[in-house]
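work.pdb follows; it contains PDB, C-alpha atoms, pLDDT in the B column.
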```
MODEL        1
ATOM      1  CA  MET H   1     -90.866-185.100  66.846  1.00 50.00           C
ATOM      2  CA  GLN H   2     -93.642-182.726  65.857  1.00 61.00           C
ATOM      3  CA  GLU H   3     -93.934-179.362  67.556  1.00 71.00           C
ATOM      4  CA  LYS H   4     -96.767-179.238  70.088  1.00 85.00           C
ATOM      5  CA  VAL H   5     -99.344-176.930  68.522  1.00 91.00           C
ATOM      6  CA  GLN H   6    -102.010-175.493  70.830  1.00 94.00           C
ATOM      7  CA  PHE H   7    -105.291-174.143  69.464  1.00 97.00           C
ATOM      8  CA  PRO H   8    -108.184-172.512  71.391  1.00 97.00           C
ATOM      9  CA  ALA H   9    -111.877-173.281  70.872  1.00 97.00           C
ATOM     10  CA  LYS H  10    -115.198-172.504  72.527  1.00 96.00           C
ATOM     11  CA  LEU H  11    -118.093-174.860  73.187  1.00 94.00           C
ATOM     12  CA  ARG H  12    -120.972-174.288  70.791  1.00 91.00           C
ATOM     13  CA  SER H  13    -124.692-174.437  71.593  1.00 89.00           C
ATOM     14  CA  VAL H  14    -125.860-173.142  68.197  1.00 80.00           C
ATOM     15  CA  LEU H  15    -126.605-176.095  65.901  1.00 84.00           C
ATOM     16  CA  GLY H  16    -128.201-176.879  62.547  1.00 82.00           C
ATOM     17  CA  LYS H  17    -129.020-174.091  60.096  1.00 81.00           C
ATOM     18  CA  LYS H  18    -128.509-171.469  62.801  1.00 82.00           C
ATOM     19  CA  VAL H  19    -124.725-171.858  62.480  1.00 84.00           C
ATOM     20  CA  LYS H  20    -124.897-169.246  59.702  1.00 84.00           C
ATOM     21  CA  THR H  21    -124.834-166.646  62.466  1.00 86.00           C
ATOM     22  CA  ILE H  22    -121.484-168.064  63.654  1.00 88.00           C
ATOM     23  CA  ARG H  23    -119.941-167.636  60.203  1.00 87.00           C
ATOM     24  CA  GLN H  24    -121.178-164.046  60.016  1.00 85.00           C
ATOM     25  CA  GLY H  25    -119.105-163.318  63.115  1.00 81.00           C
ATOM     26  CA  ASN H  26    -115.872-164.420  61.366  1.00 88.00           C
ATOM     27  CA  ASN H  27    -115.906-167.763  63.185  1.00 94.00           C
ATOM     28  CA  ILE H  28    -116.285-171.341  61.967  1.00 95.00           C
ATOM     29  CA  PRO H  29    -118.553-174.031  63.444  1.00 95.00           C
ATOM     30  CA  ALA H  30    -116.645-177.260  64.054  1.00 95.00           C
ATOM     31  CA  ASN H  31    -116.953-180.666  65.690  1.00 96.00           C
ATOM     32  CA  ILE H  32    -114.561-182.972  67.509  1.00 97.00           C
ATOM     33  CA  THR H  33    -115.159-186.660  66.774  1.00 96.00           C
ATOM     34  CA  GLY H  34    -113.163-189.843  67.414  1.00 91.00           C
ATOM     35  CA  HIS H  35    -112.724-191.614  70.757  1.00 81.00           C
ATOM     36  CA  LEU H  36    -115.849-189.978  72.167  1.00 88.00           C
ATOM     37  CA  ASP H  37    -119.350-190.951  73.265  1.00 87.00           C
ATOM     38  CA  LYS H  38    -120.708-188.180  71.038  1.00 91.00           C
ATOM     39  CA  PRO H  39    -119.236-185.357  68.942  1.00 93.00           C
ATOM     40  CA  VAL H  40    -118.278-182.123  70.704  1.00 95.00           C
ATOM     41  CA  ALA H  41    -119.646-178.981  69.008  1.00 95.00           C
ATOM     42  CA  ILE H  42    -117.190-176.068  69.091  1.00 96.00           C
ATOM     43  CA  THR H  43    -116.544-172.673  67.530  1.00 96.00           C
ATOM     44  CA  ILE H  44    -113.127-171.611  66.212  1.00 97.00           C
ATOM     45  CA  ASP H  45    -111.699-168.359  64.876  1.00 96.00           C
ATOM     46  CA  ARG H  46    -111.549-168.256  61.061  1.00 94.00           C
ATOM     47  CA  VAL H  47    -108.241-166.364  60.729  1.00 94.00           C
ATOM     48  CA  ALA H  48    -106.522-168.451  63.420  1.00 96.00           C
ATOM     49  CA  PHE H  49    -107.692-171.689  61.789  1.00 97.00           C
ATOM     50  CA  SER H  50    -106.404-170.603  58.380  1.00 95.00           C
ATOM     51  CA  LYS H  51    -102.937-170.104  59.893  1.00 95.00           C
ATOM     52  CA  LEU H  52    -103.213-173.387  61.776  1.00 96.00           C
ATOM     53  CA  TYR H  53    -104.104-175.384  58.655  1.00 95.00           C
ATOM     54  CA  GLN H  54    -101.224-173.878  56.691  1.00 93.00           C
ATOM     55  CA  LYS H  55     -98.892-175.014  59.460  1.00 92.00           C
ATOM     56  CA  SER H  56    -100.313-178.405  60.449  1.00 92.00           C
ATOM     57  CA  GLY H  57    -102.122-179.656  57.341  1.00 92.00           C
ATOM     58  CA  ASP H  58    -104.006-182.947  57.577  1.00 92.00           C
ATOM     59  CA  THR H  59    -101.306-184.902  59.405  1.00 94.00           C
ATOM     60  CA  GLY H  60    -100.047-182.582  62.153  1.00 94.00           C
ATOM     61  CA  VAL H  61    -101.305-183.252  65.676  1.00 96.00           C
ATOM     62  CA  VAL H  62    -103.091-180.222  67.134  1.00 97.00           C
ATOM     63  CA  TYR H  63    -103.925-179.819  70.824  1.00 97.00           C
ATOM     64  CA  ILE H  64    -107.337-178.152  71.019  1.00 97.00           C
ATOM     65  CA  GLN H  65    -107.921-176.349  74.290  1.00 97.00           C
ATOM     66  CA  VAL H  66    -111.686-176.101  74.654  1.00 96.00           C
ATOM     67  CA  GLU H  67    -112.729-173.246  76.919  1.00 94.00           C
ATOM     68  CA  GLY H  68    -113.641-174.592  80.366  1.00 92.00           C
ATOM     69  CA  GLU H  69    -111.767-177.905  79.955  1.00 94.00           C
ATOM     70  CA  LYS H  70    -108.617-178.606  81.989  1.00 93.00           C
ATOM     71  CA  GLN H  71    -106.875-180.842  79.455  1.00 95.00           C
ATOM     72  CA  ALA H  72    -106.194-180.144  75.770  1.00 96.00           C
ATOM     73  CA  ARG H  73    -107.464-182.677  73.250  1.00 96.00           C
ATOM     74  CA  PRO H  74    -104.981-184.133  70.690  1.00 96.00           C
ATOM     75  CA  VAL H  75    -106.664-184.077  67.277  1.00 97.00           C
ATOM     76  CA  LEU H  76    -106.051-184.284  63.551  1.00 97.00           C
ATOM     77  CA  ILE H  77    -107.818-182.034  61.054  1.00 96.00           C
ATOM     78  CA  ASN H  78    -110.033-184.671  59.488  1.00 94.00           C
ATOM     79  CA  GLU H  79    -112.467-182.906  57.163  1.00 93.00           C
ATOM     80  CA  LEU H  80    -113.078-179.456  55.707  1.00 95.00           C
ATOM     81  CA  GLN H  81    -116.306-178.222  54.144  1.00 93.00           C
ATOM     82  CA  LEU H  82    -115.559-175.396  51.715  1.00 92.00           C
ATOM     83  CA  ASP H  83    -117.752-172.828  50.019  1.00 87.00           C
ATOM     84  CA  PRO H  84    -117.761-173.910  46.326  1.00 88.00           C
ATOM     85  CA  VAL H  85    -117.817-170.302  45.114  1.00 86.00           C
ATOM     86  CA  HIS H  86    -115.553-168.363  47.476  1.00 83.00           C
ATOM     87  CA  GLY H  87    -113.455-171.219  48.862  1.00 83.00           C
ATOM     88  CA  GLN H  88    -114.013-170.174  52.465  1.00 89.00           C
ATOM     89  CA  THR H  89    -114.052-172.851  55.152  1.00 92.00           C
ATOM     90  CA  LEU H  90    -117.655-173.456  56.256  1.00 93.00           C
ATOM     91  CA  HIS H  91    -117.150-176.305  58.728  1.00 94.00           C
ATOM     92  CA  VAL H  92    -114.294-178.328  60.217  1.00 96.00           C
ATOM     93  CA  VAL H  93    -114.232-181.828  61.680  1.00 97.00           C
ATOM     94  CA  PHE H  94    -111.367-182.629  64.063  1.00 97.00           C
ATOM     95  CA  ARG H  95    -110.643-186.276  64.882  1.00 97.00           C
ATOM     96  CA  GLN H  96    -109.536-186.841  68.464  1.00 96.00           C
ATOM     97  CA  VAL H  97    -106.750-189.425  68.660  1.00 96.00           C
ATOM     98  CA  ASP H  98    -105.044-191.592  71.240  1.00 95.00           C
ATOM     99  CA  LEU H  99    -101.324-190.799  70.964  1.00 95.00           C
ATOM    100  CA  SER H 100    -100.463-194.399  71.876  1.00 95.00           C
ATOM    101  CA  GLU H 101    -102.530-195.920  69.036  1.00 96.00           C
ATOM    102  CA  LYS H 102    -101.696-195.940  65.331  1.00 97.00           C
ATOM    103  CA  VAL H 103    -104.046-194.154  62.957  1.00 96.00           C
ATOM    104  CA  GLU H 104    -104.480-194.118  59.202  1.00 95.00           C
ATOM    105  CA  ALA H 105    -104.224-190.832  57.335  1.00 95.00           C
ATOM    106  CA  GLU H 106    -103.735-189.602  53.779  1.00 95.00           C
ATOM    107  CA  VAL H 107    -100.351-187.942  53.202  1.00 96.00           C
ATOM    108  CA  PRO H 108    -100.042-185.614  50.167  1.00 95.00           C
ATOM    109  CA  VAL H 109     -97.412-186.087  47.453  1.00 96.00           C
ATOM    110  CA  GLU H 110     -95.469-182.896  46.646  1.00 95.00           C
ATOM    111  CA  ILE H 111     -93.515-182.444  43.401  1.00 93.00           C
ATOM    112  CA  ILE H 112     -90.428-180.193  43.514  1.00 92.00           C
ATOM    113  CA  GLY H 113     -87.691-179.267  41.026  1.00 88.00           C
ATOM    114  CA  GLU H 114     -87.757-179.083  37.239  1.00 83.00           C
ATOM    115  CA  LEU H 115     -87.093-181.591  34.480  1.00 78.00           C
ATOM    116  CA  SER H 116     -83.626-181.421  32.944  1.00 71.00           C
ATOM    117  CA  LEU H 117     -85.139-181.997  29.475  1.00 65.00           C
ATOM    118  CA  LYS H 118     -88.125-180.109  28.080  1.00 67.00           C
ATOM    119  CA  ASP H 119     -89.677-183.044  26.217  1.00 67.00           C
ATOM    120  CA  GLY H 120     -92.244-185.292  27.823  1.00 70.00           C
ATOM    121  CA  LEU H 121     -94.460-184.804  30.817  1.00 78.00           C
ATOM    122  CA  ILE H 122     -94.787-185.848  34.440  1.00 84.00           C
ATOM    123  CA  VAL H 123     -97.700-188.094  35.334  1.00 84.00           C
ATOM    124  CA  THR H 124     -98.804-188.015  38.986  1.00 90.00           C
ATOM    125  CA  ILE H 125    -100.666-191.272  39.511  1.00 91.00           C
ATOM    126  CA  HIS H 126    -101.207-190.792  43.257  1.00 94.00           C
ATOM    127  CA  ASP H 127    -101.438-187.281  44.727  1.00 94.00           C
ATOM    128  CA  ALA H 128    -101.946-188.691  48.244  1.00 95.00           C
ATOM    129  CA  ILE H 129    -100.966-191.954  49.944  1.00 96.00           C
ATOM    130  CA  THR H 130    -102.596-193.607  52.935  1.00 97.00           C
ATOM    131  CA  VAL H 131    -100.214-194.497  55.759  1.00 97.00           C
ATOM    132  CA  SER H 132    -100.455-195.994  59.237  1.00 97.00           C
ATOM    133  CA  ALA H 133     -98.444-194.540  62.129  1.00 97.00           C
ATOM    134  CA  LEU H 134     -98.698-193.088  65.593  1.00 97.00           C
ATOM    135  CA  PRO H 135    -100.310-189.634  65.291  1.00 95.00           C
ATOM    136  CA  GLN H 136     -97.100-187.772  66.162  1.00 94.00           C
ATOM    137  CA  ASP H 137     -95.120-189.813  63.588  1.00 95.00           C
ATOM    138  CA  LEU H 138     -97.328-189.033  60.573  1.00 95.00           C
ATOM    139  CA  PRO H 139     -95.241-187.424  57.814  1.00 94.00           C
ATOM    140  CA  GLU H 140     -96.264-183.996  56.557  1.00 93.00           C
ATOM    141  CA  LYS H 141     -95.831-185.020  52.906  1.00 95.00           C
ATOM    142  CA  PHE H 142     -93.937-187.245  50.467  1.00 96.00           C
ATOM    143  CA  VAL H 143     -91.526-185.144  48.389  1.00 96.00           C
ATOM    144  CA  ILE H 144     -90.499-186.225  44.861  1.00 94.00           C
ATOM    145  CA  ASP H 145     -87.696-184.332  43.084  1.00 92.00           C
ATOM    146  CA  LEU H 146     -88.150-183.996  39.309  1.00 88.00           C
ATOM    147  CA  THR H 147     -84.451-183.325  38.722  1.00 87.00           C
ATOM    148  CA  LYS H 148     -83.870-187.069  39.135  1.00 85.00           C
ATOM    149  CA  PHE H 149     -86.028-187.836  36.067  1.00 84.00           C
ATOM    150  CA  THR H 150     -83.569-187.803  33.163  1.00 82.00           C
ATOM    151  CA  GLU H 151     -85.125-190.415  30.835  1.00 80.00           C
ATOM    152  CA  PHE H 152     -88.577-191.378  29.595  1.00 78.00           C
ATOM    153  CA  GLY H 153     -90.145-194.158  31.607  1.00 78.00           C
ATOM    154  CA  GLN H 154     -88.388-193.261  34.873  1.00 85.00           C
ATOM    155  CA  MET H 155     -90.576-193.412  37.954  1.00 88.00           C
ATOM    156  CA  VAL H 156     -90.746-193.294  41.727  1.00 93.00           C
ATOM    157  CA  THR H 157     -92.604-196.296  43.100  1.00 94.00           C
ATOM    158  CA  PHE H 158     -94.229-196.747  46.505  1.00 96.00           C
ATOM    159  CA  GLU H 159     -91.232-198.730  47.764  1.00 94.00           C
ATOM    160  CA  GLN H 160     -88.838-195.978  46.622  1.00 94.00           C
ATOM    161  CA  LEU H 161     -90.498-193.236  48.670  1.00 95.00           C
ATOM    162  CA  ASP H 162     -88.366-191.635  51.362  1.00 93.00           C
ATOM    163  CA  TYR H 163     -89.866-192.127  54.844  1.00 94.00           C
ATOM    164  CA  ASP H 164     -89.049-193.673  58.219  1.00 95.00           C
ATOM    165  CA  LYS H 165     -89.988-197.321  57.655  1.00 94.00           C
ATOM    166  CA  SER H 166     -89.483-198.115  61.350  1.00 96.00           C
ATOM    167  CA  LYS H 167     -92.403-195.830  62.280  1.00 96.00           C
ATOM    168  CA  ILE H 168     -94.571-195.550  59.181  1.00 97.00           C
ATOM    169  CA  THR H 169     -96.357-198.230  57.165  1.00 97.00           C
ATOM    170  CA  LEU H 170     -97.826-197.640  53.710  1.00 97.00           C
ATOM    171  CA  VAL H 171    -101.412-198.866  53.469  1.00 97.00           C
ATOM    172  CA  VAL H 172    -100.817-200.309  50.003  1.00 95.00           C
ATOM    173  CA  PRO H 173    -101.280-203.903  48.753  1.00 94.00           C
ATOM    174  CA  GLU H 174     -97.921-205.645  48.544  1.00 93.00           C
ATOM    175  CA  GLU H 175     -98.325-206.341  44.839  1.00 93.00           C
ATOM    176  CA  GLN H 176     -98.608-202.577  44.187  1.00 93.00           C
ATOM    177  CA  LEU H 177     -95.436-201.525  45.993  1.00 94.00           C
ATOM    178  CA  SER H 178     -93.407-201.659  42.764  1.00 93.00           C
ATOM    179  CA  THR H 179     -95.922-199.586  40.781  1.00 92.00           C
ATOM    180  CA  PRO H 180     -95.355-195.872  40.154  1.00 91.00           C
ATOM    181  CA  VAL H 181     -96.539-192.963  42.257  1.00 94.00           C
ATOM    182  CA  VAL H 182     -95.046-190.423  39.835  1.00 91.00           C
ATOM    183  CA  MET H 183     -93.424-191.139  36.439  1.00 85.00           C
ATOM    184  CA  ARG H 184     -92.051-189.443  33.367  1.00 78.00           C
ATOM    185  CA  SER H 185     -93.880-190.101  30.112  1.00 72.00           C
ATOM    186  CA  CYS H 186     -93.092-189.051  26.537  1.00 65.00           C
ATOM    187  CA  GLY H 187     -96.707-187.978  26.119  1.00 60.00           C
ATOM    188  CA  ASN H 188     -97.152-189.340  22.597  1.00 60.00           C
ATOM    189  CA  PRO H 189    -100.780-190.200  21.720  1.00 53.00           C
ATOM    190  CA  ARG H 190    -100.293-193.933  21.260  1.00 53.00           C
ATOM    191  CA  SER H 191    -101.740-197.050  22.807  1.00 51.00           C
ATOM    192  CA  ALA H 192    -100.723-198.180  26.312  1.00 53.00           C
ATOM    193  CA  CYS H 193     -96.987-197.859  26.860  1.00 58.00           C
ATOM    194  CA  ARG H 194     -95.371-200.891  28.484  1.00 57.00           C
ATOM    195  CA  ARG H 195     -92.316-198.874  29.382  1.00 57.00           C
ATOM    196  CA  CYS H 196     -93.755-195.886  31.215  1.00 58.00           C
ATOM    197  CA  TYR H 197     -97.212-197.162  32.196  1.00 58.00           C
ATOM    198  CA  ASP H 198     -98.918-194.152  30.602  1.00 55.00           C
ATOM    199  CA  THR H 199    -101.922-195.111  28.479  1.00 56.00           C
ATOM    200  CA  SER H 200    -101.517-191.990  26.308  1.00 54.00           C
ATOM    201  CA  CYS H 201     -97.975-192.543  25.032  1.00 57.00           C
ATOM    202  CA  TRP H 202     -95.441-194.937  23.546  1.00 46.00           C
ATOM    203  CA  CYS H 203     -91.900-194.370  24.783  1.00 51.00           C
TER     204      CYS H 203
ENDMDL
END
```
Would you encode the structure as structure tokens?
Amino acid sequence: MQEKVQFPAKLRSVLGKKVKTIRQGNNIPANITGHLDKPVAITIDRVAFSKLYQKSGDTGVVYIQVEGEKQARPVLINELQLDPVHGQTLHVVFRQVDLSEKVEAEVPVEIIGELSLKDGLIVTIHDAITVSALPQDLPEKFVIDLTKFTEFGQMVTFEQLDYDKSKITLVVPEEQLSTPVVMRSCGNPRSACRRCYDTSCWC
């Protein structure tokens, strides 16, 4: 079970273009959406949020304690608006969830390890996969180990991913379950390869 992560926030009255003043004070304007009559405008600390996002990512349930409210709100980090030049977070959207209802979320694919042979290349066809699960059961990531790729044309398909199938459902058409998420290609500039699915090689 996921660790219960608490995070403080303050109600925000500054809206529209005036939120620039919030960012100048090392804070971030944010909104809580989801099972609500209307979004809740809040302000969060920039440094604290950076640490929170590194820990929880897009699939970790966070309990936002809004100043003045008795009960913390369970949320997922739903959307980030980033500065295209400096990469700073400009705005955050949290999605409030019902812990008893399944939600859909994108789970990132993480590649670890190194190939045992230098030839060829790894093709990541899906860098994130949509799943359905209770909020607290959402996986942090799907991990694929490259050390298992010893031949050209080897792959990890959707149905070969390692996850708790009793709690998590892949939101993938059934006919695509046997198609690759990540595969090893020879990388030769040929026409479509029937062996490794890569359109740039011929294994």
Original post:
How far is it from atom CA of H:Thr169 to atom CA of H:Thr59, in Å with one decimal?
Top reply: 14.4 Å
Original post:
Interatomic distance between atom CA of H:Gln96 and atom CA of H:Ser50?
Top reply: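 According to the coordinates, atom CA of H:Gln96 and atom CA of H:Ser50 are separated by 19.4 Å.
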Subject >> Contacts of H:Ile129 at 8 Å (all atoms listed in the file; same-chain gap of 4+ positions) as a ChimeraX atom specification >> reply: /H:106-109,170-171
Subject >> Ground truth for the PyMOL selection byres ((chain H and resi 79) around 6), written as a list in words >> reply: Asn78, Leu80, Val92 and Val93 of chain H
Original post:
Got a sec to resolve the PyMOL selection byres ((chain H and resi 105) around 8) on this structure and send the residues as a count of residues only?
Top reply: 10
Subject >> For atom CA of H:Met155 and atom CA of H:Ile111, the interatomic separation in Å (one decimal) >> reply: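 A separation of 12.6 Å between them.
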Hey, which bits of stretch 109-152 of chain H sit within 6 Å of stretch 182-186 of chain H, and for each residue what's the closest pair of atoms and how far apart in Å (one decimal), counting only C-alpha atoms, rows by chain and increasing number, as a Markdown table?
```
| residue | atom | partner | partner_atom | distance |
| --- | --- | --- | --- | --- |
| H:Gly120 | CA | H:Cys186 | CA | 4.1 |
| H:Leu121 | CA | H:Ser185 | CA | 5.4 |
| H:Ile122 | CA | H:Arg184 | CA | 4.6 |
| H:Val123 | CA | H:Met183 | CA | 5.4 |
| H:Thr124 | CA | H:Val182 | CA | 4.5 |
| H:Ile125 | CA | H:Val182 | CA | 5.7 |
| H:Phe152 | CA | H:Ser185 | CA | 5.5 |
```
**OP:** Pick out the closest residue to H:Lys55 from this set: H:Val156, H:Leu82, H:Val5, H:Ile42. Count only C-alpha atoms.
**Re:**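 Among the listed residues, H:Val5 lies closest to H:Lys55.
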Subject >> Selection under test: the PyMOL selection byres ((chain H and resi 63) around 9); residues as a PyMOL selection string >> reply: chain H and resi 4-8+61-62+64-65+72-76
Subject >> Neighbour list for H:His91 as a PyMOL selection string, cut-off 10 Å, all atoms listed in the file, skip fewer than 6 positions in-chain >> reply: chain H and resi 19+23+27-31+43-44+79-83
Original post:
Any idea what's packed within 10 Å of H:Gly25, counting all atoms listed in the file, ignoring anything in its chain fewer than 4 positions away? Could you give it as an MDAnalysis selection string?
Top reply: chainID H and resid 20:21 45:46
May I have the residues at most 12 Å from (-119.8, -184.8, 70.7) in the file's coordinates, counting all atoms listed in the file, as a PDB file with C-alpha atoms, in the frame of the given file?
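The resulting result17.pdb:
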```pdb
ATOM      1  CA  LEU H  11    -118.093-174.860  73.187  1.00 94.00           C
ATOM      2  CA  ARG H  12    -120.972-174.288  70.791  1.00 91.00           C
ATOM      3  CA  SER H  13    -124.692-174.437  71.593  1.00 89.00           C
ATOM      4  CA  ALA H  30    -116.645-177.260  64.054  1.00 95.00           C
ATOM      5  CA  ASN H  31    -116.953-180.666  65.690  1.00 96.00           C
ATOM      6  CA  ILE H  32    -114.561-182.972  67.509  1.00 97.00           C
ATOM      7  CA  THR H  33    -115.159-186.660  66.774  1.00 96.00           C
ATOM      8  CA  GLY H  34    -113.163-189.843  67.414  1.00 91.00           C
ATOM      9  CA  HIS H  35    -112.724-191.614  70.757  1.00 81.00           C
ATOM     10  CA  LEU H  36    -115.849-189.978  72.167  1.00 88.00           C
ATOM     11  CA  ASP H  37    -119.350-190.951  73.265  1.00 87.00           C
ATOM     12  CA  LYS H  38    -120.708-188.180  71.038  1.00 91.00           C
ATOM     13  CA  PRO H  39    -119.236-185.357  68.942  1.00 93.00           C
ATOM     14  CA  VAL H  40    -118.278-182.123  70.704  1.00 95.00           C
ATOM     15  CA  ALA H  41    -119.646-178.981  69.008  1.00 95.00           C
ATOM     16  CA  ILE H  42    -117.190-176.068  69.091  1.00 96.00           C
ATOM     17  CA  VAL H  93    -114.232-181.828  61.680  1.00 97.00           C
ATOM     18  CA  PHE H  94    -111.367-182.629  64.063  1.00 97.00           C
ATOM     19  CA  ARG H  95    -110.643-186.276  64.882  1.00 97.00           C
ATOM     20  CA  GLN H  96    -109.536-186.841  68.464  1.00 96.00           C
TER      21      GLN H  96
END
```
Original post:
Which of these, H:His126, H:Lys102, H:Lys141, H:Lys17, has the shortest distance to H:Val172 once you count only C-alpha atoms?
Top reply: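 Counting only C-alpha atoms, the residue closest to H:Val172 is H:His126.
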Subject >> Among the residues H:Ile112, H:Val85, H:Ala128, H:Leu134, the one that comes closest to H:Leu146 [using all atoms listed in the file] >> reply: H:Ile112
Reconstructed N, CA, C and O atoms for stretch 59-75 of chain H, given as a PDB file, in the coordinates of the input:
```pdb
ATOM      1  N   THR H  59    -102.022-183.863  58.665  1.00 94.00           N
ATOM      2  CA  THR H  59    -101.306-184.902  59.405  1.00 94.00           C
ATOM      3  C   THR H  59    -100.591-184.401  60.656  1.00 94.00           C
ATOM      4  O   THR H  59     -99.948-185.186  61.348  1.00 94.00           O
ATOM      5  N   GLY H  60    -100.676-183.111  60.941  1.00 94.00           N
ATOM      6  CA  GLY H  60    -100.047-182.582  62.153  1.00 94.00           C
ATOM      7  C   GLY H  60    -100.980-182.670  63.343  1.00 94.00           C
ATOM      8  O   GLY H  60    -102.152-182.284  63.257  1.00 94.00           O
ATOM      9  N   VAL H  61    -100.492-183.161  64.462  1.00 96.00           N
ATOM     10  CA  VAL H  61    -101.305-183.252  65.676  1.00 96.00           C
ATOM     11  C   VAL H  61    -101.489-181.852  66.254  1.00 96.00           C
ATOM     12  O   VAL H  61    -100.532-181.101  66.416  1.00 96.00           O
ATOM     13  N   VAL H  62    -102.741-181.508  66.536  1.00 97.00           N
ATOM     14  CA  VAL H  62    -103.091-180.222  67.134  1.00 97.00           C
ATOM     15  C   VAL H  62    -103.716-180.490  68.501  1.00 97.00           C
ATOM     16  O   VAL H  62    -104.504-181.425  68.661  1.00 97.00           O
ATOM     17  N   TYR H  63    -103.357-179.675  69.477  1.00 97.00           N
ATOM     18  CA  TYR H  63    -103.925-179.819  70.824  1.00 97.00           C
ATOM     19  C   TYR H  63    -104.972-178.724  71.014  1.00 97.00           C
ATOM     20  O   TYR H  63    -104.645-177.567  71.249  1.00 97.00           O
ATOM     21  N   ILE H  64    -106.240-179.115  70.874  1.00 97.00           N
ATOM     22  CA  ILE H  64    -107.337-178.152  71.019  1.00 97.00           C
ATOM     23  C   ILE H  64    -107.643-177.957  72.498  1.00 97.00           C
ATOM     24  O   ILE H  64    -107.927-178.906  73.223  1.00 97.00           O
ATOM     25  N   GLN H  65    -107.560-176.703  72.923  1.00 97.00           N
ATOM     26  CA  GLN H  65    -107.921-176.349  74.290  1.00 97.00           C
ATOM     27  C   GLN H  65    -109.320-175.748  74.276  1.00 97.00           C
ATOM     28  O   GLN H  65    -109.509-174.588  73.914  1.00 97.00           O
ATOM     29  N   VAL H  66    -110.301-176.569  74.618  1.00 96.00           N
ATOM     30  CA  VAL H  66    -111.686-176.101  74.654  1.00 96.00           C
ATOM     31  C   VAL H  66    -111.899-175.296  75.927  1.00 96.00           C
ATOM     32  O   VAL H  66    -111.517-175.735  77.023  1.00 96.00           O
ATOM     33  N   GLU H  67    -112.483-174.125  75.780  1.00 94.00           N
ATOM     34  CA  GLU H  67    -112.729-173.246  76.919  1.00 94.00           C
ATOM     35  C   GLU H  67    -113.512-173.979  78.014  1.00 94.00           C
ATOM     36  O   GLU H  67    -114.535-174.618  77.752  1.00 94.00           O
ATOM     37  N   GLY H  68    -112.986-173.935  79.241  1.00 92.00           N
ATOM     38  CA  GLY H  68    -113.641-174.592  80.366  1.00 92.00           C
ATOM     39  C   GLY H  68    -113.132-175.979  80.656  1.00 92.00           C
ATOM     40  O   GLY H  68    -113.439-176.554  81.703  1.00 92.00           O
ATOM     41  N   GLU H  69    -112.334-176.570  79.739  1.00 94.00           N
ATOM     42  CA  GLU H  69    -111.767-177.905  79.955  1.00 94.00           C
ATOM     43  C   GLU H  69    -110.334-177.786  80.472  1.00 94.00           C
ATOM     44  O   GLU H  69    -109.569-176.923  80.026  1.00 94.00           O
ATOM     45  N   LYS H  70    -109.949-178.657  81.385  1.00 93.00           N
ATOM     46  CA  LYS H  70    -108.617-178.606  81.989  1.00 93.00           C
ATOM     47  C   LYS H  70    -107.538-179.147  81.057  1.00 93.00           C
ATOM     48  O   LYS H  70    -106.407-178.669  81.067  1.00 93.00           O
ATOM     49  N   GLN H  71    -107.885-180.166  80.271  1.00 95.00           N
ATOM     50  CA  GLN H  71    -106.875-180.842  79.455  1.00 95.00           C
ATOM     51  C   GLN H  71    -107.142-180.625  77.969  1.00 95.00           C
ATOM     52  O   GLN H  71    -108.287-180.715  77.508  1.00 95.00           O
ATOM     53  N   ALA H  72    -106.073-180.321  77.216  1.00 96.00           N
ATOM     54  CA  ALA H  72    -106.194-180.144  75.770  1.00 96.00           C
ATOM     55  C   ALA H  72    -106.429-181.490  75.097  1.00 96.00           C
ATOM     56  O   ALA H  72    -105.969-182.530  75.568  1.00 96.00           O
ATOM     57  N   ARG H  73    -107.141-181.455  73.993  1.00 96.00           N
ATOM     58  CA  ARG H  73    -107.464-182.677  73.250  1.00 96.00           C
ATOM     59  C   ARG H  73    -106.537-182.816  72.037  1.00 96.00           C
ATOM     60  O   ARG H  73    -106.518-181.915  71.176  1.00 96.00           O
ATOM     61  N   PRO H  74    -105.788-183.923  71.898  1.00 96.00           N
ATOM     62  CA  PRO H  74    -104.981-184.133  70.690  1.00 96.00           C
ATOM     63  C   PRO H  74    -105.877-184.543  69.531  1.00 96.00           C
ATOM     64  O   PRO H  74    -106.654-185.491  69.635  1.00 96.00           O
ATOM     65  N   VAL H  75    -105.793-183.817  68.423  1.00 97.00           N
ATOM     66  CA  VAL H  75    -106.664-184.077  67.277  1.00 97.00           C
ATOM     67  C   VAL H  75    -105.887-183.965  65.966  1.00 97.00           C
ATOM     68  O   VAL H  75    -104.798-183.386  65.921  1.00 97.00           O
TER      69      VAL H  75
END
```
